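So this one's final_4.cif, mmCIF, C-alpha atoms:
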```cif
data_input
#
loop_
_atom_site.label_atom_id
_atom_site.label_comp_id
_atom_site.auth_asym_id
_atom_site.auth_seq_id
_atom_site.Cartn_x
_atom_site.Cartn_y
_atom_site.Cartn_z
CA MET A 1 0.00 0.00 0.00
CA GLU A 2 1.31 3.46 -0.90
CA VAL A 3 1.68 6.07 1.83
CA SER A 4 3.65 9.05 0.46
CA ALA A 5 6.09 10.06 -2.24
CA GLU A 6 9.16 12.18 -2.76
CA LYS A 7 11.47 13.07 -5.65
CA ASP A 8 14.38 15.45 -6.13
CA SER A 9 13.81 16.43 -9.76
CA HIS A 10 11.72 15.62 -12.80
CA THR A 11 14.32 13.08 -13.97
CA ALA A 12 15.27 11.52 -10.63
CA PRO A 13 13.67 8.25 -9.51
CA VAL A 14 10.60 8.69 -7.30
CA ARG A 15 10.84 7.20 -3.80
CA ARG A 16 7.53 6.31 -2.17
CA ASP A 17 6.87 5.18 1.38
CA VAL A 18 4.87 1.95 1.15
CA TRP A 19 4.08 -0.98 3.40
CA PHE A 20 3.16 -4.64 3.11
CA GLU A 21 1.82 -7.12 5.63
CA SER A 22 3.89 -9.94 7.06
CA GLY A 23 2.77 -12.16 9.91
CA GLY A 24 -0.14 -9.88 10.71
CA VAL A 25 1.97 -6.72 11.08
CA ARG A 26 3.00 -4.01 8.63
CA CYS A 27 6.54 -3.82 7.30
CA ALA A 28 7.62 -0.36 6.17
CA ALA A 29 9.44 0.00 2.87
CA TRP A 30 10.70 2.43 0.27
CA LEU A 31 9.73 1.83 -3.34
CA TYR A 32 11.93 3.50 -5.93
CA THR A 33 10.40 3.98 -9.38
CA PRO A 34 12.41 5.39 -12.31
CA ALA A 35 10.98 8.63 -13.67
CA ALA A 36 11.24 7.62 -17.33
CA GLY A 37 10.74 4.47 -19.39
CA ASP A 38 7.90 2.22 -20.44
CA GLY A 39 6.91 -1.38 -19.89
CA PRO A 40 7.48 -3.75 -16.97
CA ARG A 41 10.76 -3.16 -15.16
CA PRO A 42 13.22 -5.27 -13.21
CA LEU A 43 12.90 -5.16 -9.43
CA VAL A 44 15.60 -5.40 -6.76
CA VAL A 45 14.30 -6.30 -3.27
CA MET A 46 16.68 -5.23 -0.49
CA ALA A 47 17.06 -5.48 3.29
CA HIS A 48 19.79 -4.93 5.87
CA GLY A 49 21.73 -7.00 8.36
CA LEU A 50 21.67 -7.69 12.07
CA GLY A 51 19.57 -5.05 13.83
CA ALA A 52 20.14 -2.38 11.17
CA VAL A 53 17.52 -0.26 9.39
CA ARG A 54 17.22 0.88 5.78
CA GLU A 55 18.50 4.40 6.54
CA TRP A 56 21.89 2.87 7.35
CA ARG A 57 23.26 3.36 3.81
CA LEU A 58 20.82 1.11 1.93
CA ASP A 59 19.46 4.24 0.24
CA ALA A 60 22.92 4.80 -1.28
CA PHE A 61 22.79 1.41 -3.00
CA ALA A 62 19.11 1.73 -3.92
CA GLN A 63 19.62 5.10 -5.61
CA ARG A 64 22.34 3.63 -7.82
CA PHE A 65 20.13 0.70 -8.80
CA ALA A 66 17.13 2.94 -9.50
CA ALA A 67 19.33 5.14 -11.71
CA GLN A 68 19.70 2.10 -14.00
CA GLY A 69 15.95 2.18 -14.65
CA TRP A 70 15.15 -0.59 -12.17
CA MET A 71 12.50 -0.54 -9.48
CA VAL A 72 13.85 -1.07 -5.97
CA LEU A 73 12.00 -2.16 -2.81
CA VAL A 74 13.90 -1.56 0.46
CA PHE A 75 12.22 -2.75 3.64
CA ASP A 76 12.70 -2.89 7.42
CA TYR A 77 12.10 -6.19 9.17
CA ARG A 78 9.26 -6.37 11.68
CA TYR A 79 10.19 -5.20 15.20
CA LEU A 80 12.80 -2.81 13.75
CA GLY A 81 12.93 0.69 12.33
CA ALA A 82 9.68 2.02 10.88
CA SER A 83 8.07 -1.41 10.73
CA GLU A 84 5.49 -2.53 13.26
CA GLY A 85 5.70 -5.42 15.68
CA SER A 86 6.33 -5.95 19.36
CA PRO A 87 8.55 -6.47 21.30
CA ARG A 88 10.88 -3.97 19.70
CA GLN A 89 14.44 -4.92 18.69
CA LEU A 90 13.56 -8.60 18.44
CA LEU A 91 15.41 -10.50 15.73
CA ASP A 92 13.73 -13.80 14.95
CA ILE A 93 15.26 -15.67 12.00
CA GLY A 94 12.01 -17.35 10.97
CA ASP A 95 10.09 -14.08 11.12
CA GLN A 96 12.70 -12.27 9.04
CA LEU A 97 12.60 -14.99 6.38
CA ASP A 98 8.81 -14.62 6.31
CA ASP A 99 9.30 -10.88 5.85
CA TRP A 100 11.42 -11.60 2.77
CA ARG A 101 8.70 -13.86 1.36
CA ALA A 102 6.08 -11.17 1.99
CA ALA A 103 8.28 -8.50 0.37
CA LEU A 104 8.69 -10.64 -2.74
CA ALA A 105 4.95 -11.32 -2.89
CA TYR A 106 4.30 -7.58 -2.65
CA GLY A 107 6.85 -6.83 -5.37
CA ARG A 108 5.37 -9.41 -7.69
CA SER A 109 1.93 -7.86 -7.20
CA LEU A 110 3.05 -4.51 -8.62
CA PRO A 111 1.85 -3.98 -12.20
CA GLU A 112 5.05 -2.08 -13.11
CA VAL A 113 7.27 -5.06 -12.24
CA ASP A 114 8.46 -7.73 -14.66
CA PRO A 115 8.03 -10.95 -12.63
CA ASP A 116 10.76 -12.66 -14.67
CA ARG A 117 13.35 -10.03 -13.67
CA ILE A 118 13.35 -9.91 -9.88
CA ALA A 119 16.55 -10.00 -7.83
CA VAL A 120 17.16 -10.16 -4.09
CA TRP A 121 19.94 -8.16 -2.43
CA GLY A 122 20.92 -8.71 1.17
CA THR A 123 23.84 -7.58 3.30
CA SER A 124 25.45 -9.06 6.41
CA PHE A 125 22.79 -11.15 8.21
CA GLY A 126 20.40 -10.25 5.40
CA GLY A 127 22.99 -11.62 2.98
CA GLY A 128 22.49 -15.00 4.59
CA HIS A 129 18.73 -14.61 4.42
CA VAL A 130 18.74 -14.08 0.65
CA LEU A 131 20.67 -17.32 0.18
CA ARG A 132 18.05 -19.21 2.18
CA ILE A 133 15.20 -17.51 0.28
CA ALA A 134 16.77 -18.06 -3.14
CA GLY A 135 17.29 -21.71 -2.29
CA GLU A 136 13.51 -22.14 -2.14
CA ASP A 137 12.37 -19.52 -4.70
CA HIS A 138 13.55 -20.64 -8.11
CA ASP A 139 11.77 -17.85 -10.00
CA LEU A 140 14.39 -15.25 -9.09
CA ALA A 141 16.60 -13.81 -11.81
CA ALA A 142 19.61 -13.01 -9.63
CA VAL A 143 20.96 -12.95 -6.07
CA VAL A 144 23.42 -10.50 -4.52
CA ALA A 145 24.76 -11.20 -1.02
CA GLN A 146 27.15 -8.62 0.43
CA CYS A 147 29.41 -9.66 3.33
CA PRO A 148 26.94 -12.49 3.87
CA PHE A 149 26.51 -14.38 7.13
CA THR A 150 26.87 -17.90 5.74
CA ASP A 151 27.83 -20.14 8.64
CA GLY A 152 26.90 -19.76 12.30
CA PRO A 153 29.71 -21.88 13.75
CA ALA A 154 32.37 -20.01 11.73
CA SER A 155 31.04 -16.60 12.78
CA LEU A 156 30.81 -17.63 16.43
CA LEU A 157 34.37 -19.01 16.38
CA SER A 158 35.57 -15.68 14.97
CA ARG A 159 33.57 -13.88 17.65
CA PHE A 160 35.04 -16.06 20.42
CA ARG A 161 38.56 -15.26 19.28
CA SER A 162 37.81 -11.52 19.49
CA SER A 163 37.03 -11.68 23.23
CA PRO A 164 36.18 -14.90 25.09
CA LEU A 165 35.17 -12.91 28.19
CA SER A 166 32.54 -10.79 26.45
CA MET A 167 31.37 -13.86 24.54
CA ALA A 168 30.54 -15.46 27.88
CA GLY A 169 28.62 -12.31 28.80
CA LEU A 170 26.63 -12.52 25.56
CA VAL A 171 25.67 -16.14 26.25
CA ILE A 172 24.58 -15.27 29.80
CA ALA A 173 22.49 -12.38 28.46
CA ALA A 174 20.93 -14.73 25.90
CA VAL A 175 19.93 -17.27 28.55
CA LEU A 176 18.45 -14.52 30.74
CA ASP A 177 16.55 -13.20 27.73
CA VAL A 178 15.05 -16.59 26.92
CA VAL A 179 14.03 -17.18 30.55
CA GLY A 180 12.55 -13.69 30.78
CA SER A 181 10.56 -14.19 27.58
CA VAL A 182 8.78 -17.15 29.16
CA PHE A 183 7.40 -14.78 31.80
CA GLY A 184 6.59 -11.99 29.37
CA ALA A 185 9.51 -9.73 30.30
CA LYS A 186 10.95 -7.20 27.87
CA PRO A 187 13.88 -8.53 25.83
CA VAL A 188 17.34 -8.36 27.37
CA LEU A 189 19.16 -6.26 24.80
CA ALA A 190 22.74 -6.98 23.76
CA PRO A 191 24.83 -4.59 21.66
CA VAL A 192 25.29 -5.39 17.98
CA VAL A 193 28.81 -3.90 17.92
CA GLY A 194 31.09 -3.19 20.85
CA VAL A 195 34.55 -3.21 22.38
CA TRP A 196 36.18 -6.11 24.18
CA TRP A 197 34.26 -5.87 27.47
CA MET A 198 30.78 -5.54 25.92
CA PRO A 199 28.51 -8.61 25.45
CA ALA A 200 28.19 -7.71 21.77
CA PHE A 201 27.57 -9.81 18.67
CA LEU A 202 30.55 -8.20 16.91
CA VAL A 203 33.57 -7.07 18.92
CA SER A 204 36.67 -5.23 17.71
CA PRO A 205 38.57 -2.07 18.66
CA THR A 206 37.08 -0.25 15.64
CA ALA A 207 33.63 -1.87 15.34
CA ILE A 208 31.65 1.02 16.86
CA ALA A 209 33.50 3.66 14.86
CA ALA A 210 33.17 1.70 11.61
CA ALA A 211 29.46 1.00 12.09
CA SER A 212 28.79 4.66 12.90
CA GLN A 213 29.80 5.61 9.36
CA LEU A 214 26.54 4.07 8.17
CA ILE A 215 24.34 6.23 10.41
CA PRO A 216 22.67 9.12 8.53
CA ALA A 217 23.89 12.64 9.21
CA GLY A 218 21.85 14.44 11.85
CA SER A 219 21.14 11.35 13.95
CA ARG A 220 21.15 12.11 17.67
CA LEU A 221 22.22 9.90 20.54
CA SER A 222 19.89 9.48 23.49
CA PRO A 223 20.88 11.36 26.68
CA ARG A 224 21.77 8.08 28.37
CA THR A 225 23.97 6.94 25.49
CA ALA A 226 25.66 10.34 25.22
CA GLY A 227 26.31 10.18 28.96
CA VAL A 228 28.12 6.86 28.59
CA LEU A 229 30.36 8.31 25.87
CA ALA A 230 31.12 11.30 28.08
CA ARG A 231 32.13 9.08 31.01
CA VAL A 232 33.97 6.47 28.92
CA PRO A 233 35.42 8.36 25.91
CA ALA A 234 37.23 5.26 24.65
CA VAL A 235 33.88 3.70 23.70
CA GLY A 236 33.17 6.47 21.19
CA LYS A 237 36.70 6.78 19.84
CA GLY A 238 36.50 7.46 16.11
CA LEU A 239 32.72 7.92 16.17
CA SER A 240 31.49 9.44 12.92
CA ALA A 241 31.10 13.22 13.00
CA THR A 242 27.64 12.78 11.43
CA VAL A 243 26.32 11.48 14.77
CA GLU A 244 25.32 14.24 17.21
CA THR A 245 26.33 13.51 20.78
CA GLY A 246 24.83 16.75 22.11
CA GLY A 247 22.15 19.12 20.94
CA GLN A 248 18.44 18.86 21.60
CA PRO A 249 17.69 15.82 23.80
CA PHE A 250 14.88 13.41 22.99
CA ARG A 251 12.82 10.78 24.77
CA PRO A 252 13.90 7.27 23.65
CA GLY A 253 10.44 6.01 24.59
CA ASP A 254 9.01 8.19 21.82
CA THR A 255 11.23 6.67 19.13
CA ALA A 256 10.64 3.53 17.08
CA VAL A 257 12.96 1.73 19.51
CA GLY A 258 10.58 2.48 22.38
CA ARG A 259 13.15 2.36 25.20
CA ASP A 260 16.64 3.44 26.16
CA THR A 261 19.76 1.35 26.48
CA ILE A 262 23.35 2.18 27.36
CA TRP A 263 24.45 0.39 24.19
CA GLY A 264 23.14 3.15 21.95
CA VAL A 265 19.76 4.57 20.93
CA MET A 266 19.59 6.99 18.01
CA SER A 267 16.87 9.28 16.77
CA GLY A 268 17.17 9.73 13.03
CA PRO A 269 16.89 13.02 11.17
CA ASP A 270 13.57 14.26 9.76
CA GLY A 271 11.52 11.85 11.82
CA GLY A 272 12.93 8.64 10.30
CA GLY A 273 15.75 6.20 10.90
CA ASP A 274 15.29 5.62 14.63
CA SER A 275 17.53 2.73 15.59
CA ALA A 276 19.57 1.13 18.34
CA ASN A 277 22.89 -0.62 18.65
CA ALA A 278 21.06 -3.49 20.31
CA VAL A 279 18.91 -6.55 19.60
CA ALA A 280 17.35 -9.20 21.83
CA ALA A 281 20.20 -11.33 23.18
CA ARG A 282 18.34 -14.62 22.63
CA LEU A 283 19.58 -14.61 19.03
CA ALA A 284 23.01 -15.76 20.25
CA LEU A 285 21.58 -19.19 21.05
CA ARG A 286 20.17 -19.55 17.53
CA LEU A 287 23.22 -18.48 15.55
CA PRO A 288 25.10 -21.82 15.70
CA LEU A 289 22.11 -23.50 14.04
CA TYR A 290 21.82 -21.04 11.15
CA ARG A 291 23.94 -22.04 8.15
CA PRO A 292 22.42 -20.40 5.05
CA GLY A 293 25.63 -20.86 3.07
CA LYS A 294 24.69 -24.50 2.68
CA ASP A 295 21.72 -23.35 0.59
CA LEU A 296 24.02 -22.07 -2.16
CA ARG A 297 23.80 -25.44 -3.90
CA LYS A 298 20.00 -25.19 -3.99
CA ILE A 299 19.93 -21.81 -5.75
CA ALA A 300 18.94 -21.79 -9.42
CA ALA A 301 19.68 -18.11 -10.12
CA ALA A 302 23.07 -16.57 -10.81
CA THR A 303 24.53 -15.47 -7.48
CA LEU A 304 27.09 -12.80 -6.63
CA LEU A 305 28.87 -12.91 -3.27
CA CYS A 306 30.74 -9.72 -2.33
CA VAL A 307 33.08 -10.59 0.54
CA CYS A 308 35.56 -8.51 2.55
CA ASP A 309 38.73 -10.47 3.20
CA ASP A 310 39.26 -9.04 6.70
CA ASP A 311 35.63 -9.56 7.76
CA ARG A 312 35.39 -10.62 11.42
CA ALA A 313 31.61 -11.00 11.49
CA ALA A 314 31.19 -13.11 8.35
CA PRO A 315 34.52 -14.81 7.60
CA ALA A 316 35.30 -14.58 3.89
CA ARG A 317 37.28 -17.82 3.83
CA THR A 318 34.26 -19.83 4.95
CA THR A 319 31.99 -18.16 2.38
CA ALA A 320 34.49 -18.79 -0.42
CA ARG A 321 34.80 -22.43 0.61
CA LEU A 322 31.03 -22.92 0.53
CA ALA A 323 30.87 -21.34 -2.95
CA ALA A 324 33.76 -23.35 -4.42
CA GLY A 325 32.91 -25.51 -7.40
CA GLN A 326 29.45 -24.01 -7.97
CA ASP A 327 29.24 -22.58 -11.48
CA HIS A 328 26.28 -20.31 -10.77
CA VAL A 329 28.13 -18.52 -7.94
CA GLN A 330 30.55 -15.63 -8.49
CA VAL A 331 32.70 -14.46 -5.58
CA ASN A 332 34.19 -10.95 -5.60
CA HIS A 333 36.83 -10.16 -2.98
CA TYR A 334 37.49 -6.72 -1.45
CA ASP A 335 40.14 -5.52 0.96
CA GLY A 336 38.52 -4.41 4.19
CA ASP A 337 36.47 -5.35 7.23
CA HIS A 338 32.73 -5.90 7.60
CA PHE A 339 31.54 -2.27 7.49
CA ASP A 340 34.09 -0.90 5.01
CA ILE A 341 32.09 -1.93 1.93
CA TYR A 342 29.28 0.54 2.70
CA VAL A 343 31.32 3.72 2.28
CA GLY A 344 34.10 5.36 0.28
CA ASP A 345 36.09 3.71 -2.49
CA LEU A 346 35.06 0.21 -1.47
CA PHE A 347 31.39 1.16 -1.80
CA GLU A 348 32.03 2.58 -5.27
CA ARG A 349 33.76 -0.60 -6.38
CA ALA A 350 31.16 -2.92 -4.90
CA VAL A 351 28.09 -1.09 -6.19
CA ALA A 352 29.63 -0.86 -9.68
CA ASP A 353 30.28 -4.61 -9.64
CA GLN A 354 26.75 -5.30 -8.44
CA ILE A 355 25.21 -3.10 -11.16
CA GLU A 356 27.26 -4.86 -13.84
CA PHE A 357 26.21 -8.26 -12.50
CA LEU A 358 22.52 -7.41 -12.23
CA ALA A 359 22.39 -5.66 -15.61
CA ALA A 360 23.73 -8.80 -17.30
CA ARG A 361 21.02 -10.93 -15.68
CA PHE A 362 18.21 -8.48 -16.32
CA THR A 363 19.09 -8.34 -20.04
CA ALA A 364 19.73 -12.05 -20.54
CA PRO A 365 17.29 -13.99 -22.73
CA ALA A 366 14.51 -15.81 -20.88
CA GLY A 367 15.56 -19.17 -19.47
CA ARG A 368 19.24 -18.26 -19.07
#
```
Could you write out this file's structure as structure tokens?
Amino acid sequence: MEVSAEKDSHTAPVRRDVWFESGGVRCAAWLYTPAAGDGPRPLVVMAHGLGAVREWRLDAFAQRFAAQGWMVLVFDYRYLGASEGSPRQLLDIGDQLDDWRAALAYGRSLPEVDPDRIAVWGTSFGGGHVLRIAGEDHDLAAVVAQCPFTDGPASLLSRFRSSPLSMAGLVIAAVLDVVGSVFGAKPVLAPVVGVWWMPAFLVSPTAIAAASQLIPAGSRLSPRTAGVLARVPAVGKGLSATVETGGQPFRPGDTAVGRDTIWGVMSGPDGGGDSANAVAARLALRLPLYRPGKDLRKIAAATLLCVCDDDRAAPARTTARLAAGQDHVQVNHYDGDHFDIYVGDLFERAVADQIEFLAARFTAPAGR
């Protein structure tokens, strides 16, 4: 369903705020439509990674794809961002896969879309999701997975090596979260990125600084989060200048996150992009069982894997091993860590490679 529209010029793609239903709740999305051209168009369906929202640099990729004359659907998973669902900041793998299925059903229902030219694009945890979805949906034209989470055991081993102590804290938080959920308690939130002492899903000395580069300019930290940075400056070392640590305070309870946390709550600019550096800790107990890289062999569509060789969250070596010997899978390697591919020169290289890959599949004769 369409909600509103915006465009920068008469020739720029139009971006509309739309929504679709998944599991009885509404998922918020952007729908990019090229301003010129006739006939059914290709569609790229996109979503983010672990706990992230579409404002975290997915618009940069979507704008490039829409400039090629393709339609683009970018959505937030339920419980996150502008999408509905409670409790907030919950990341349930099954629910997120259902959100992908609902997004594809919505895209296929659009009269402007060519159903034979639909691609899925996922990054980080969402990169693993698109492999699982493509393994069951053989009507897709192409798959792009950027820094994909492909193997739970490999990612957890990498995480353990980063800081065994904080890994133990994450597991304890996960157990407490599961127990609390039985009694209807609010989720125990664990940080997505953090430094060595935090019970975070991704730990490195530069993880917080690197992830902050994705946050849109004008985002404000909650008073509680800003207070933590003031008392422990090392936590915010290298934090992107686009994130405001002062300025007009806001009530975290009034944001899409719905609560505060010392790990980081942000209010996005212009009333959108509210997010948190936190998801329900219970996910940590599910990660070892999630191995979407094994679905690569089930995929019928041409697949592009964009991997960063220094990735600590989604080890590139494991992804390359899972893709080896599969003719329909192309692996592109980039120098950098998990968040480097979203910005700067690495972004320019990756998005150019992805456009070239998708363009070839969208122009290929039917049945190829």
*I would like the residues chosen by the PyMOL selection byres ((chain A and resi 188) around 6) on the shown file; could you give them as an MDAnalysis selection string?*
chainID A and resid 177 187 189 280:281
*For stretch 335-349 of chain A, work out the shell of residues within 10 Å, counting all atoms listed in the file and skipping chain neighbours fewer than 6 positions away, then give it as an MDAnalysis selection string.*
chainID A and resid 56:58 60:61 123:124 146:148 202 206:214 306:316
*Between A:Gly81, A:Pro223, A:Pro40, A:Pro288, which has the minimum distance to A:Pro111 (counting only C-alpha atoms)?*
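Of all the options, A:Pro40 lies closest to A:Pro111.
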*Would you mind telling me which residue in A:Ala174, A:Ile299, A:Leu97, A:Val331 lies nearest to A:Thr318 when using all atoms listed in the file?*
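Using all atoms listed in the file, A:Thr318 sits closest to A:Val331.
On the file presented, the PyMOL selection byres ((chain A and resi 76) around 10) picks out Trp19, Arg26, Cys27, Ala28, Ala29, Trp30, Met46, Ala47, His48, Gly49, Gly51, Ala52, Val53, Arg54, Glu55, Val74, Phe75, Tyr77, Arg78, Tyr79, Leu80, Gly81, Ala82, Ser83, Glu84, Gln96, Asp99 and Trp100 of chain A.
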For the structure provided, state which residues fall under the PyMOL selection byres ((chain A and resi 217) around 8), and present them as a PDB file with C-alpha atoms, in the frame of the given file.
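The resulting file, part-v6.pdb, is shown below:
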```pdb
ATOM      1  CA  ILE A 215      24.340   6.230  10.410  1.00  0.00           C
ATOM      2  CA  PRO A 216      22.670   9.120   8.530  1.00  0.00           C
ATOM      3  CA  GLY A 218      21.850  14.440  11.850  1.00  0.00           C
ATOM      4  CA  SER A 219      21.140  11.350  13.950  1.00  0.00           C
ATOM      5  CA  THR A 242      27.640  12.780  11.430  1.00  0.00           C
ATOM      6  CA  VAL A 243      26.320  11.480  14.770  1.00  0.00           C
ATOM      7  CA  PRO A 269      16.890  13.020  11.170  1.00  0.00           C
TER       8      PRO A 269
END
```
*Using only C-alpha atoms, which of A:Gly24, A:Pro191, A:Gly273, A:Gly169 sits nearest A:Asp59?*
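Among the listed residues, A:Gly273 lies closest to A:Asp59.
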*Interatomic distance, atom CA of A:Met71 to atom CA of A:Pro13 (Å, one decimal)*: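 Separation between atom CA of A:Met71 and atom CA of A:Pro13: 8.9 Å.
Within 8 Å of A:Asp260, once all atoms listed in the file are used and residues closer than 6 positions along the same chain are dropped, the contacting residues are Ser222, Arg224, Pro252 and Gly253 of chain A.
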*asked:* From the options A:Leu304, A:Gly227, A:Gly238, A:Val14, which residue's atoms come nearest to A:Ile355, counting only C-alpha atoms?
replied: A:Leu304
*Contacts of A:Val195 at 7 Å (only C-alpha atoms; same-chain gap of 4+ positions) as a ChimeraX atom specification*: /A:203-205
*Mind listing whatever residues come within 12 Å of the point (7.8, 6.1, -18.8)? Use all atoms listed in the file, file coordinates, and give them as a count of residues only.*
15
*Calculate how many Å separate atom CA of A:Ala324 from atom CA of A:Ala364, rounding to one decimal.*
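Distance between the two atoms: 24.2 Å.
Using only C-alpha atoms, the smallest distance between any of A:Leu287, A:Val232, A:Val193, A:Val25 and A:Ser162 comes from A:Val193.
Atom CA of A:Asn277 is found 25.6 Å from atom CA of A:Tyr334.
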_Residues within 7 Å of A:Leu31, please, as a PyMOL selection string. Count only C-alpha atoms; anything in the same chain fewer than 5 positions from it doesn't count._
chain A and resi 15-18+72-74
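Near A:Arg361, within 7 Å and counting only C-alpha atoms, sit Ala141, Ala142 and Phe357 of chain A; same-chain residues fewer than 4 positions away were not included.
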